[in-house]
Amino acid sequence: MRESSNKTVNAEALGINLKNIYRERKQPPKDLALKTAIETAHHEHPAYGHRRTADHLGVNHKRTQRIMAQFNLRPPGAPRVVYYCTRSTTPNLYPNLLKNLDEITIPHHVRCSDLTRFVYRSAIWYLATIEDIATRQIINGELSQSLPANGVYTWYVRGGNDAGWGLCEGYGGVGFTVGQPLAQVIVKSTPAQNGNLTDLNVIFSCIHDAEATIYEVYIAGPNGYISYEPYIVGTGVTCSTNCELSLTFPENGAYTWYVRGGNSAGLGEWNGETVFNISLSLPSTPTLNSPVDDAVIYQTNRPTFTWR
């Protein structure tokens, strides 16, 4: 078949509609332009996926998702910074001095260390030891625990070897007392006793106790309102010489508040109750201007109402 310059003949020969010869698709150039923009964005932000890339380019995320899937585009990812290595490098090569030892028989020649974590009477303990490989003796050790609260504690220690365990010193153990100072009774500043406030946003203040790392505030109000929250010094409550806390209440009425301090040793005592009253003024009754009483309105779609 000889090629013809007549588009009608070519369309009939190819079995397609004539309009498809003149029609040029507009979407592929747009897709290529967006593909180039995505690749440029990935050079600047290598960890951006299709959603963050769409936000960066100001387009719909479905378009970036389709183009990235169509052209198999993947974010290259941020470069990973490695601050350590599992192999010794040439400047820091440490020879294995134990590799050529057939048998370790000389005391105090080779030592090893161990750290053991165990639970005893619902408390977590940590035991760190240094042992002589030749004699299998514990050269030194350290036992530590974060004690949960103040009180009287008893501790025991005993040694052992391949033959068994020895006796604990003193048999009955050695007692000691942990007495970290508790927070004293907190002195409140504001709101004062029987104070009258005119704002629902109330600032509570008290004298800061140096031993306190946390404060508990209990507030009771009308209609069964109760607020009982802990506030950590430095994050939940601001403290210097005084501690200040701002709270917003739902309605007018009489409120009672208490505060106490605490630390890792426990909580101090509540101070006495302080009653204050909130009486925020209600707005006055508005005066209606229009429409007036018994007025006839001819505007049916958007009547205008005014008041003072």
# chains A, B, ... in the order shown; residues from 1 in each chain; ligands from 1
>>> select_by_dssp(residues="range 34-256 of chain A", states="strand (DSSP E)", output="VMD selection string")
chain A and resid 111 to 120 123 to 132 138 to 144 151 to 155 160 to 161 164 to 165 174 to 178 188 to 190 195 to 197 201 to 207 214 to 220 226 to 232 238 to 239 242 to 248 253 to 256
>>> residues_around(residues="range 277-294 of chain A", least_positions_apart="4", cutoff="12 Å", atoms="only C-alpha atoms", output="tab-separated table (two decimals) with all heavy atoms, in the first residue's frame")
chain	number	residue	atom	x	y	z
A	191	PRO	N	-5.56	32.88	94.91
A	191	PRO	CA	-6.57	33.76	95.50
A	191	PRO	C	-6.59	33.65	97.03
A	191	PRO	O	-6.38	32.55	97.58
A	191	PRO	CB	-7.89	33.25	94.91
A	191	PRO	CG	-7.52	32.38	93.77
A	191	PRO	CD	-6.19	31.81	94.10
A	192	ALA	N	-6.85	34.74	97.70
A	192	ALA	CA	-6.86	34.76	99.16
A	192	ALA	C	-8.19	34.23	99.68
A	192	ALA	O	-9.16	34.04	98.93
A	192	ALA	CB	-6.61	36.18	99.66
A	193	GLN	N	-8.22	34.00	100.99
A	193	GLN	CA	-9.43	33.51	101.64
A	193	GLN	C	-10.55	34.52	101.47
A	193	GLN	O	-10.37	35.71	101.70
A	193	GLN	CB	-9.15	33.24	103.12
A	193	GLN	CG	-10.33	32.72	103.90
A	193	GLN	CD	-10.66	31.28	103.55
A	193	GLN	OE1	-9.87	30.58	102.96
A	193	GLN	NE2	-11.84	30.84	103.94
A	194	ASN	N	-11.73	34.04	101.02
A	194	ASN	CA	-12.93	34.85	100.80
A	194	ASN	C	-12.70	35.96	99.78
A	194	ASN	O	-13.36	37.00	99.84
A	194	ASN	CB	-13.43	35.45	102.13
A	194	ASN	CG	-13.81	34.37	103.13
A	194	ASN	OD1	-14.34	33.32	102.77
A	194	ASN	ND2	-13.53	34.63	104.41
A	195	GLY	N	-11.80	35.74	98.86
A	195	GLY	CA	-11.56	36.74	97.82
A	195	GLY	C	-12.66	36.72	96.78
A	195	GLY	O	-13.23	35.68	96.46
A	196	ASN	N	-12.96	37.91	96.24
A	196	ASN	CA	-13.98	38.06	95.20
A	196	ASN	C	-13.29	38.41	93.89
A	196	ASN	O	-12.60	39.44	93.79
A	196	ASN	CB	-14.99	39.15	95.57
A	196	ASN	CG	-15.85	38.75	96.75
A	196	ASN	OD1	-16.33	37.61	96.82
A	196	ASN	ND2	-16.06	39.66	97.69
A	197	LEU	N	-13.45	37.55	92.88
A	197	LEU	CA	-12.81	37.72	91.58
A	197	LEU	C	-13.86	38.03	90.54
A	197	LEU	O	-15.02	37.59	90.64
A	197	LEU	CB	-12.03	36.47	91.20
A	197	LEU	CG	-11.04	35.95	92.24
A	197	LEU	CD1	-10.37	34.68	91.74
A	197	LEU	CD2	-9.98	36.99	92.55
A	198	THR	N	-13.45	38.78	89.52
A	198	THR	CA	-14.38	39.18	88.46
A	198	THR	C	-13.96	38.63	87.10
A	198	THR	O	-14.34	39.18	86.07
A	198	THR	CB	-14.45	40.71	88.38
A	198	THR	OG1	-13.14	41.24	88.14
A	198	THR	CG2	-15.01	41.29	89.67
A	199	ASP	N	-13.18	37.57	87.09
A	199	ASP	CA	-12.71	36.99	85.84
A	199	ASP	C	-12.69	35.47	86.00
A	199	ASP	O	-12.27	34.95	87.05
A	199	ASP	CB	-11.32	37.50	85.49
A	199	ASP	CG	-10.93	37.18	84.05
A	199	ASP	OD1	-11.65	36.37	83.42
A	199	ASP	OD2	-9.93	37.72	83.56
A	200	LEU	N	-13.14	34.75	84.95
A	200	LEU	CA	-13.12	33.29	85.00
A	200	LEU	C	-11.71	32.73	84.84
A	200	LEU	O	-11.47	31.56	85.15
A	200	LEU	CB	-14.03	32.72	83.89
A	200	LEU	CG	-15.52	33.00	84.04
A	200	LEU	CD1	-16.29	32.44	82.85
A	200	LEU	CD2	-16.05	32.41	85.34
A	201	ASN	N	-10.77	33.52	84.36
A	201	ASN	CA	-9.37	33.11	84.26
A	201	ASN	C	-8.67	33.53	85.55
A	201	ASN	O	-8.45	34.72	85.80
A	201	ASN	CB	-8.71	33.77	83.05
A	201	ASN	CG	-7.31	33.24	82.83
A	201	ASN	OD1	-6.95	32.18	83.32
A	201	ASN	ND2	-6.50	33.99	82.09
A	202	VAL	N	-8.30	32.54	86.38
A	202	VAL	CA	-7.76	32.79	87.71
A	202	VAL	C	-6.30	32.37	87.75
A	202	VAL	O	-5.95	31.29	87.26
A	202	VAL	CB	-8.57	32.04	88.78
A	202	VAL	CG1	-8.00	32.29	90.17
A	202	VAL	CG2	-10.03	32.45	88.73
A	220	ALA	N	-12.53	22.41	94.11
A	220	ALA	CA	-13.94	21.99	94.08
A	220	ALA	C	-14.79	23.23	93.89
A	220	ALA	O	-14.52	24.29	94.49
A	220	ALA	CB	-14.32	21.26	95.36
A	221	GLY	N	-15.83	23.11	93.03
A	221	GLY	CA	-16.68	24.27	92.74
A	221	GLY	C	-18.14	23.90	92.61
A	221	GLY	O	-18.55	22.78	92.96
A	222	PRO	N	-18.94	24.81	92.08
A	222	PRO	CA	-20.39	24.57	91.99
A	222	PRO	C	-20.73	23.50	90.95
A	222	PRO	O	-19.95	23.23	90.03
A	222	PRO	CB	-20.93	25.95	91.57
A	222	PRO	CG	-19.78	26.62	90.89
A	222	PRO	CD	-18.55	26.13	91.58
A	248	THR	N	-8.75	28.31	83.91
A	248	THR	CA	-10.00	28.92	83.49
A	248	THR	C	-11.16	28.08	83.99
A	248	THR	O	-11.18	26.85	83.79
A	248	THR	CB	-10.06	29.04	81.95
A	248	THR	OG1	-8.95	29.81	81.50
A	248	THR	CG2	-11.35	29.72	81.52
A	249	PHE	N	-12.14	28.75	84.62
A	249	PHE	CA	-13.27	28.05	85.21
A	249	PHE	C	-14.52	28.21	84.34
A	249	PHE	O	-14.64	29.18	83.58
A	249	PHE	CB	-13.52	28.60	86.62
A	249	PHE	CG	-12.42	28.25	87.58
A	249	PHE	CD1	-11.35	29.10	87.77
A	249	PHE	CD2	-12.44	27.05	88.27
A	249	PHE	CE1	-10.33	28.79	88.63
A	249	PHE	CE2	-11.42	26.72	89.15
A	249	PHE	CZ	-10.36	27.59	89.32
A	250	PRO	N	-15.46	27.26	84.47
A	250	PRO	CA	-16.61	27.26	83.55
A	250	PRO	C	-17.69	28.27	83.88
A	250	PRO	O	-18.45	28.66	82.99
A	250	PRO	CB	-17.13	25.82	83.65
A	250	PRO	CG	-16.74	25.39	85.03
A	250	PRO	CD	-15.42	26.06	85.31
A	251	GLU	N	-17.83	28.68	85.16
A	251	GLU	CA	-18.97	29.53	85.52
A	251	GLU	C	-18.68	30.25	86.83
A	251	GLU	O	-17.68	29.98	87.52
A	251	GLU	CB	-20.22	28.67	85.68
A	251	GLU	CG	-20.08	27.57	86.73
A	251	GLU	CD	-21.33	26.73	86.84
A	251	GLU	OE1	-22.42	27.26	86.59
A	251	GLU	OE2	-21.21	25.54	87.21
A	252	ASN	N	-19.56	31.18	87.15
A	252	ASN	CA	-19.47	31.89	88.42
A	252	ASN	C	-19.82	30.96	89.57
A	252	ASN	O	-20.48	29.93	89.40
A	252	ASN	CB	-20.44	33.09	88.43
A	252	ASN	CG	-19.98	34.21	87.52
A	252	ASN	OD1	-18.81	34.27	87.14
A	252	ASN	ND2	-20.90	35.10	87.17
A	253	GLY	N	-19.36	31.35	90.78
A	253	GLY	CA	-19.70	30.56	91.95
A	253	GLY	C	-18.58	30.55	92.95
A	253	GLY	O	-17.53	31.20	92.78
A	254	ALA	N	-18.78	29.79	94.03
A	254	ALA	CA	-17.80	29.67	95.11
A	254	ALA	C	-16.94	28.45	94.86
A	254	ALA	O	-17.45	27.36	94.57
A	254	ALA	CB	-18.51	29.56	96.46
A	255	TYR	N	-15.62	28.61	94.98
A	255	TYR	CA	-14.65	27.54	94.76
A	255	TYR	C	-13.76	27.41	95.99
A	255	TYR	O	-13.50	28.38	96.71
A	255	TYR	CB	-13.79	27.83	93.53
A	255	TYR	CG	-14.55	27.79	92.23
A	255	TYR	CD1	-15.23	28.91	91.76
A	255	TYR	CD2	-14.59	26.64	91.46
A	255	TYR	CE1	-15.93	28.89	90.56
A	255	TYR	CE2	-15.28	26.60	90.25
A	255	TYR	CZ	-15.94	27.73	89.82
A	255	TYR	OH	-16.63	27.68	88.63
A	256	THR	N	-13.29	26.18	96.20
A	256	THR	CA	-12.36	25.88	97.29
A	256	THR	C	-11.13	25.21	96.70
A	256	THR	O	-11.26	24.29	95.89
A	256	THR	CB	-13.01	24.94	98.33
A	256	THR	OG1	-14.22	25.53	98.81
A	256	THR	CG2	-12.07	24.71	99.51
A	257	TRP	N	-9.93	25.65	97.11
A	257	TRP	CA	-8.72	25.06	96.54
A	257	TRP	C	-7.72	24.71	97.62
A	257	TRP	O	-7.65	25.32	98.67
A	257	TRP	CB	-8.11	25.98	95.48
A	257	TRP	CG	-7.36	27.20	95.96
A	257	TRP	CD1	-7.90	28.29	96.56
A	257	TRP	CD2	-5.95	27.42	95.86
A	257	TRP	NE1	-6.93	29.21	96.82
A	257	TRP	CE2	-5.71	28.71	96.40
A	257	TRP	CE3	-4.88	26.70	95.36
A	257	TRP	CZ2	-4.45	29.28	96.46
A	257	TRP	CZ3	-3.62	27.26	95.41
A	257	TRP	CH2	-3.40	28.52	95.95
A	298	TYR	N	-41.95	43.77	54.55
A	298	TYR	CA	-42.24	43.40	53.17
A	298	TYR	C	-41.05	42.69	52.52
A	298	TYR	O	-41.17	42.16	51.43
A	298	TYR	CB	-42.60	44.65	52.36
A	298	TYR	CG	-43.88	45.32	52.84
A	298	TYR	CD1	-43.81	46.40	53.69
A	298	TYR	CD2	-45.12	44.83	52.45
A	298	TYR	CE1	-44.97	47.01	54.15
A	298	TYR	CE2	-46.29	45.43	52.91
A	298	TYR	CZ	-46.20	46.52	53.76
A	298	TYR	OH	-47.35	47.10	54.21
A	299	GLN	N	-39.90	42.70	53.22
A	299	GLN	CA	-38.71	42.01	52.69
A	299	GLN	C	-38.74	40.58	53.22
A	299	GLN	O	-38.57	40.34	54.41
A	299	GLN	CB	-37.43	42.74	53.15
A	299	GLN	CG	-36.18	42.19	52.51
A	299	GLN	CD	-34.95	42.97	52.98
A	299	GLN	OE1	-35.06	43.78	53.88
A	299	GLN	NE2	-33.81	42.69	52.35
A	303	PRO	N	-34.64	39.63	55.99
A	303	PRO	CA	-35.00	40.72	56.89
A	303	PRO	C	-33.81	41.12	57.77
A	303	PRO	O	-32.95	40.31	58.10
A	303	PRO	CB	-36.13	40.13	57.72
A	303	PRO	CG	-35.90	38.65	57.66
A	303	PRO	CD	-35.31	38.39	56.31
A	304	THR	N	-33.73	42.39	58.15
A	304	THR	CA	-32.63	42.93	58.94
A	304	THR	C	-33.07	43.14	60.38
A	304	THR	O	-34.11	43.76	60.65
A	304	THR	CB	-32.15	44.27	58.35
A	304	THR	OG1	-31.76	44.07	57.00
A	304	THR	CG2	-30.97	44.83	59.15
A	305	PHE	N	-32.30	42.59	61.33
A	305	PHE	CA	-32.55	42.73	62.74
A	305	PHE	C	-31.44	43.56	63.35
A	305	PHE	O	-30.26	43.29	63.12
A	305	PHE	CB	-32.64	41.38	63.44
A	305	PHE	CG	-33.75	40.50	62.94
A	305	PHE	CD1	-33.56	39.66	61.84
A	305	PHE	CD2	-34.98	40.50	63.56
A	305	PHE	CE1	-34.60	38.86	61.39
A	305	PHE	CE2	-36.02	39.69	63.12
A	305	PHE	CZ	-35.82	38.86	62.02
A	306	THR	N	-31.80	44.56	64.14
A	306	THR	CA	-30.79	45.40	64.81
A	306	THR	C	-31.15	45.52	66.29
A	306	THR	O	-32.35	45.51	66.65
A	306	THR	CB	-30.71	46.79	64.17
A	306	THR	OG1	-31.97	47.46	64.30
A	306	THR	CG2	-30.33	46.68	62.70
A	307	TRP	N	-30.15	45.63	67.10
A	307	TRP	CA	-30.34	45.84	68.55
A	307	TRP	C	-29.16	46.61	69.11
A	307	TRP	O	-28.12	46.71	68.49
A	307	TRP	CB	-30.53	44.49	69.26
A	307	TRP	CG	-29.33	43.59	69.19
A	307	TRP	CD1	-28.29	43.54	70.05
A	307	TRP	CD2	-29.06	42.64	68.16
A	307	TRP	NE1	-27.39	42.61	69.64
A	307	TRP	CE2	-27.83	42.05	68.49
A	307	TRP	CE3	-29.74	42.24	67.00
A	307	TRP	CZ2	-27.29	41.07	67.69
A	307	TRP	CZ3	-29.18	41.29	66.23
A	307	TRP	CH2	-27.96	40.70	66.57
A	308	ARG	N	-29.34	47.10	70.31
A	308	ARG	CA	-28.28	47.86	70.95
A	308	ARG	C	-27.77	47.11	72.18
A	308	ARG	O	-28.56	46.59	72.97
A	308	ARG	CB	-28.80	49.24	71.38
A	308	ARG	CG	-27.72	50.15	71.95
A	308	ARG	CD	-28.27	51.53	72.27
A	308	ARG	NE	-29.34	51.42	73.29
A	308	ARG	CZ	-30.09	52.44	73.69
A	308	ARG	NH1	-29.91	53.63	73.15
A	308	ARG	NH2	-31.03	52.28	74.60
>>> closest_residue(among="A:Met68, A:Leu97, A:Ala212, A:Ile139", to="Glu269 in chain A", atoms="only C-alpha atoms")
A:Ala212
>>> atom_distance(atom1="CA of Ile232 in chain A", atom2="CA of Ala183 in chain A")
13.7 Å
>>> closest_residue(among="A:Val187, A:Ile130, A:Ile21, A:Ile297", to="Trp270 in chain A", atoms="only C-alpha atoms")
A:Val187
>>> residues_around(residues="Arg117 in chain A", least_positions_apart="6", cutoff="9 Å", atoms="only C-alpha atoms", output="number ranges by chain")
A: 124-128
>>> write_last_selection(atoms="N, CA and C atoms", output="PDB file, in the first residue's frame")
ATOM      1  N   ILE A 124      13.721  -3.079  91.688  1.00  0.00           N
ATOM      2  CA  ILE A 124      14.718  -3.405  90.672  1.00  0.00           C
ATOM      3  C   ILE A 124      16.096  -3.063  91.209  1.00  0.00           C
ATOM      4  N   TRP A 125      16.996  -4.036  91.150  1.00  0.00           N
ATOM      5  CA  TRP A 125      18.363  -3.861  91.635  1.00  0.00           C
ATOM      6  C   TRP A 125      19.340  -4.078  90.491  1.00  0.00           C
ATOM      7  N   TYR A 126      20.511  -3.438  90.594  1.00  0.00           N
ATOM      8  CA  TYR A 126      21.581  -3.580  89.618  1.00  0.00           C
ATOM      9  C   TYR A 126      22.871  -3.927  90.364  1.00  0.00           C
ATOM     10  N   LEU A 127      23.545  -5.004  89.929  1.00  0.00           N
ATOM     11  CA  LEU A 127      24.783  -5.463  90.543  1.00  0.00           C
ATOM     12  C   LEU A 127      25.886  -5.451  89.495  1.00  0.00           C
ATOM     13  N   ALA A 128      26.904  -4.626  89.725  1.00  0.00           N
ATOM     14  CA  ALA A 128      28.068  -4.547  88.845  1.00  0.00           C
ATOM     15  C   ALA A 128      29.257  -5.182  89.562  1.00  0.00           C
TER      16      ALA A 128
END
>>> residues_around(residues="Gly141 in chain A", least_positions_apart="3", cutoff="12 Å", atoms="only C-alpha atoms", output="PyMOL selection string")
chain A and resi 112-116+126-131+137-138+144+157-159
>>> atom_distance(atom1="CA of Leu18 in chain A", atom2="CA of Ala33 in chain A")
29.0 Å
>>> atom_distance(atom1="CA of Glu244 in chain A", atom2="CA of Pro181 in chain A")
23.0 Å
>>> closest_residue(among="A:Leu32, A:Ile203, A:Ala37, A:Val174", to="Val237 in chain A", atoms="only C-alpha atoms")
A:Ile203
>>> residues_around(residues="range 99-103 of chain A", least_positions_apart="6", cutoff="12 Å", atoms="only C-alpha atoms", output="list of chain:residue names")
A:His109, A:Val110, A:Ile133, A:Ala134
>>> write_last_selection(atoms="C-alpha atoms", output="compact mmCIF listing (two decimals), in the first residue's frame")
# COMPACT_ATOMS: atom_id res chain seq x y z
CA HIS A 109 46.29 -10.99 84.83
CA VAL A 110 42.92 -11.02 83.06
CA ILE A 133 39.40 -14.97 85.41
CA ALA A 134 42.13 -17.14 86.94
>>> select_by_dssp(residues="range 7-123 of chain A", states="alpha helix (DSSP H)", output="PyMOL selection string")
chain A and resi 7-14+19-22+27-44+50-57+61-70
>>> closest_residue(among="A:Ser205, A:Thr274, A:Asn161, A:Thr213", to="Tyr231 in chain A", atoms="only C-alpha atoms")
A:Thr213
>>> residues_around(residues="Pro28 in chain A", least_positions_apart="4", cutoff="12 Å", atoms="only C-alpha atoms", output="PyMOL selection string")
chain A and resi 24+32-35+67+70-71
>>> residues_around(residues="Thr64 in chain A", least_positions_apart="3", cutoff="12 Å", atoms="only C-alpha atoms", output="mmCIF file with N, CA and C atoms, in the first residue's frame")
data_model
loop_
_atom_site.group_PDB
_atom_site.id
_atom_site.type_symbol
_atom_site.label_atom_id
_atom_site.label_comp_id
_atom_site.auth_asym_id
_atom_site.auth_seq_id
_atom_site.Cartn_x
_atom_site.Cartn_y
_atom_site.Cartn_z
ATOM 1 N N LYS A 30 2.115 17.867 30.647
ATOM 2 C CA LYS A 30 1.927 18.278 32.042
ATOM 3 C C LYS A 30 2.562 17.276 33.002
ATOM 4 N N ASP A 31 2.407 15.983 32.683
ATOM 5 C CA ASP A 31 3.004 14.957 33.535
ATOM 6 C C ASP A 31 4.521 15.045 33.524
ATOM 7 N N LEU A 32 5.112 15.291 32.368
ATOM 8 C CA LEU A 32 6.572 15.418 32.293
ATOM 9 C C LEU A 32 7.066 16.635 33.063
ATOM 10 N N ALA A 33 6.308 17.740 32.992
ATOM 11 C CA ALA A 33 6.698 18.940 33.740
ATOM 12 C C ALA A 33 6.638 18.693 35.242
ATOM 13 N N LEU A 34 5.578 17.976 35.679
ATOM 14 C CA LEU A 34 5.469 17.670 37.107
ATOM 15 C C LEU A 34 6.545 16.678 37.536
ATOM 16 N N LYS A 35 6.886 15.735 36.667
ATOM 17 C CA LYS A 35 7.961 14.790 36.977
ATOM 18 C C LYS A 35 9.279 15.530 37.201
ATOM 19 N N THR A 36 9.566 16.499 36.342
ATOM 20 C CA THR A 36 10.791 17.287 36.506
ATOM 21 C C THR A 36 10.763 18.085 37.802
ATOM 22 N N ALA A 37 9.599 18.635 38.149
ATOM 23 C CA ALA A 37 9.477 19.399 39.392
ATOM 24 C C ALA A 37 9.658 18.506 40.613
ATOM 25 N N ILE A 38 9.143 17.275 40.563
ATOM 26 C CA ILE A 38 9.298 16.344 41.688
ATOM 27 C C ILE A 38 10.766 15.962 41.863
ATOM 28 N N GLU A 39 11.454 15.697 40.755
ATOM 29 C CA GLU A 39 12.869 15.349 40.844
ATOM 30 C C GLU A 39 13.692 16.517 41.397
ATOM 31 N N ALA A 41 12.514 18.787 43.459
ATOM 32 C CA ALA A 41 12.180 18.872 44.884
ATOM 33 C C ALA A 41 12.915 17.810 45.686
ATOM 34 N N TYR A 48 11.250 13.627 51.274
ATOM 35 C CA TYR A 48 9.835 13.944 51.075
ATOM 36 C C TYR A 48 9.144 12.831 50.288
ATOM 37 N N GLY A 49 8.014 12.362 50.833
ATOM 38 C CA GLY A 49 7.155 11.448 50.095
ATOM 39 C C GLY A 49 6.187 12.230 49.214
ATOM 40 N N HIS A 50 5.144 11.526 48.702
ATOM 41 C CA HIS A 50 4.265 12.193 47.747
ATOM 42 C C HIS A 50 3.427 13.287 48.401
ATOM 43 N N ARG A 51 3.072 13.146 49.685
ATOM 44 C CA ARG A 51 2.249 14.166 50.333
ATOM 45 C C ARG A 51 3.060 15.436 50.615
ATOM 46 N N ARG A 52 4.226 15.284 51.203
ATOM 47 C CA ARG A 52 5.030 16.466 51.518
ATOM 48 C C ARG A 52 5.567 17.111 50.242
ATOM 49 N N THR A 53 5.830 16.311 49.209
ATOM 50 C CA THR A 53 6.232 16.885 47.924
ATOM 51 C C THR A 53 5.090 17.699 47.325
ATOM 52 N N ALA A 54 3.853 17.198 47.450
ATOM 53 C CA ALA A 54 2.702 17.951 46.948
ATOM 54 C C ALA A 54 2.540 19.272 47.688
ATOM 55 N N ASP A 55 2.728 19.253 49.019
ATOM 56 C CA ASP A 55 2.654 20.506 49.779
ATOM 57 C C ASP A 55 3.752 21.473 49.352
ATOM 58 N N HIS A 56 4.935 20.928 49.079
ATOM 59 C CA HIS A 56 6.058 21.769 48.670
ATOM 60 C C HIS A 56 5.810 22.411 47.301
ATOM 61 N N LEU A 57 5.205 21.652 46.377
ATOM 62 C CA LEU A 57 4.956 22.159 45.026
ATOM 63 C C LEU A 57 3.629 22.884 44.892
ATOM 64 N N GLY A 58 2.759 22.755 45.897
ATOM 65 C CA GLY A 58 1.462 23.416 45.841
ATOM 66 C C GLY A 58 0.488 22.755 44.910
ATOM 67 N N VAL A 59 0.550 21.413 44.786
ATOM 68 C CA VAL A 59 -0.378 20.669 43.941
ATOM 69 C C VAL A 59 -1.087 19.624 44.794
ATOM 70 N N ASN A 60 -2.083 18.970 44.182
ATOM 71 C CA ASN A 60 -2.817 17.932 44.893
ATOM 72 C C ASN A 60 -1.934 16.696 45.080
ATOM 73 N N HIS A 61 -2.031 16.078 46.261
ATOM 74 C CA HIS A 61 -1.167 14.929 46.546
ATOM 75 C C HIS A 61 -1.482 13.719 45.664
ATOM 76 N N ILE A 67 2.060 10.446 39.485
ATOM 77 C CA ILE A 67 3.264 10.652 38.682
ATOM 78 C C ILE A 67 4.438 9.845 39.236
ATOM 79 N N MET A 68 4.577 9.789 40.572
ATOM 80 C CA MET A 68 5.673 9.024 41.159
ATOM 81 C C MET A 68 5.514 7.538 40.889
ATOM 82 N N ALA A 69 4.264 7.047 40.851
ATOM 83 C CA ALA A 69 4.043 5.641 40.517
ATOM 84 C C ALA A 69 4.246 5.391 39.025
ATOM 85 N N GLN A 70 3.837 6.347 38.174
ATOM 86 C CA GLN A 70 3.947 6.175 36.727
ATOM 87 C C GLN A 70 5.404 6.148 36.270
ATOM 88 N N PHE A 71 6.229 7.032 36.829
ATOM 89 C CA PHE A 71 7.628 7.112 36.424
ATOM 90 C C PHE A 71 8.570 6.423 37.414
ATOM 91 N N ASN A 72 7.978 5.684 38.373
ATOM 92 C CA ASN A 72 8.766 4.927 39.353
ATOM 93 C C ASN A 72 9.748 5.834 40.105
ATOM 94 N N LEU A 73 9.224 6.944 40.602
ATOM 95 C CA LEU A 73 10.041 7.886 41.366
ATOM 96 C C LEU A 73 9.964 7.527 42.839
ATOM 97 N N ARG A 74 11.101 7.497 43.477
ATOM 98 C CA ARG A 74 11.179 7.210 44.907
ATOM 99 C C ARG A 74 12.020 8.286 45.577
ATOM 100 N N PRO A 75 11.601 8.754 46.775
ATOM 101 C CA PRO A 75 12.450 9.737 47.470
ATOM 102 C C PRO A 75 13.789 9.101 47.824
#
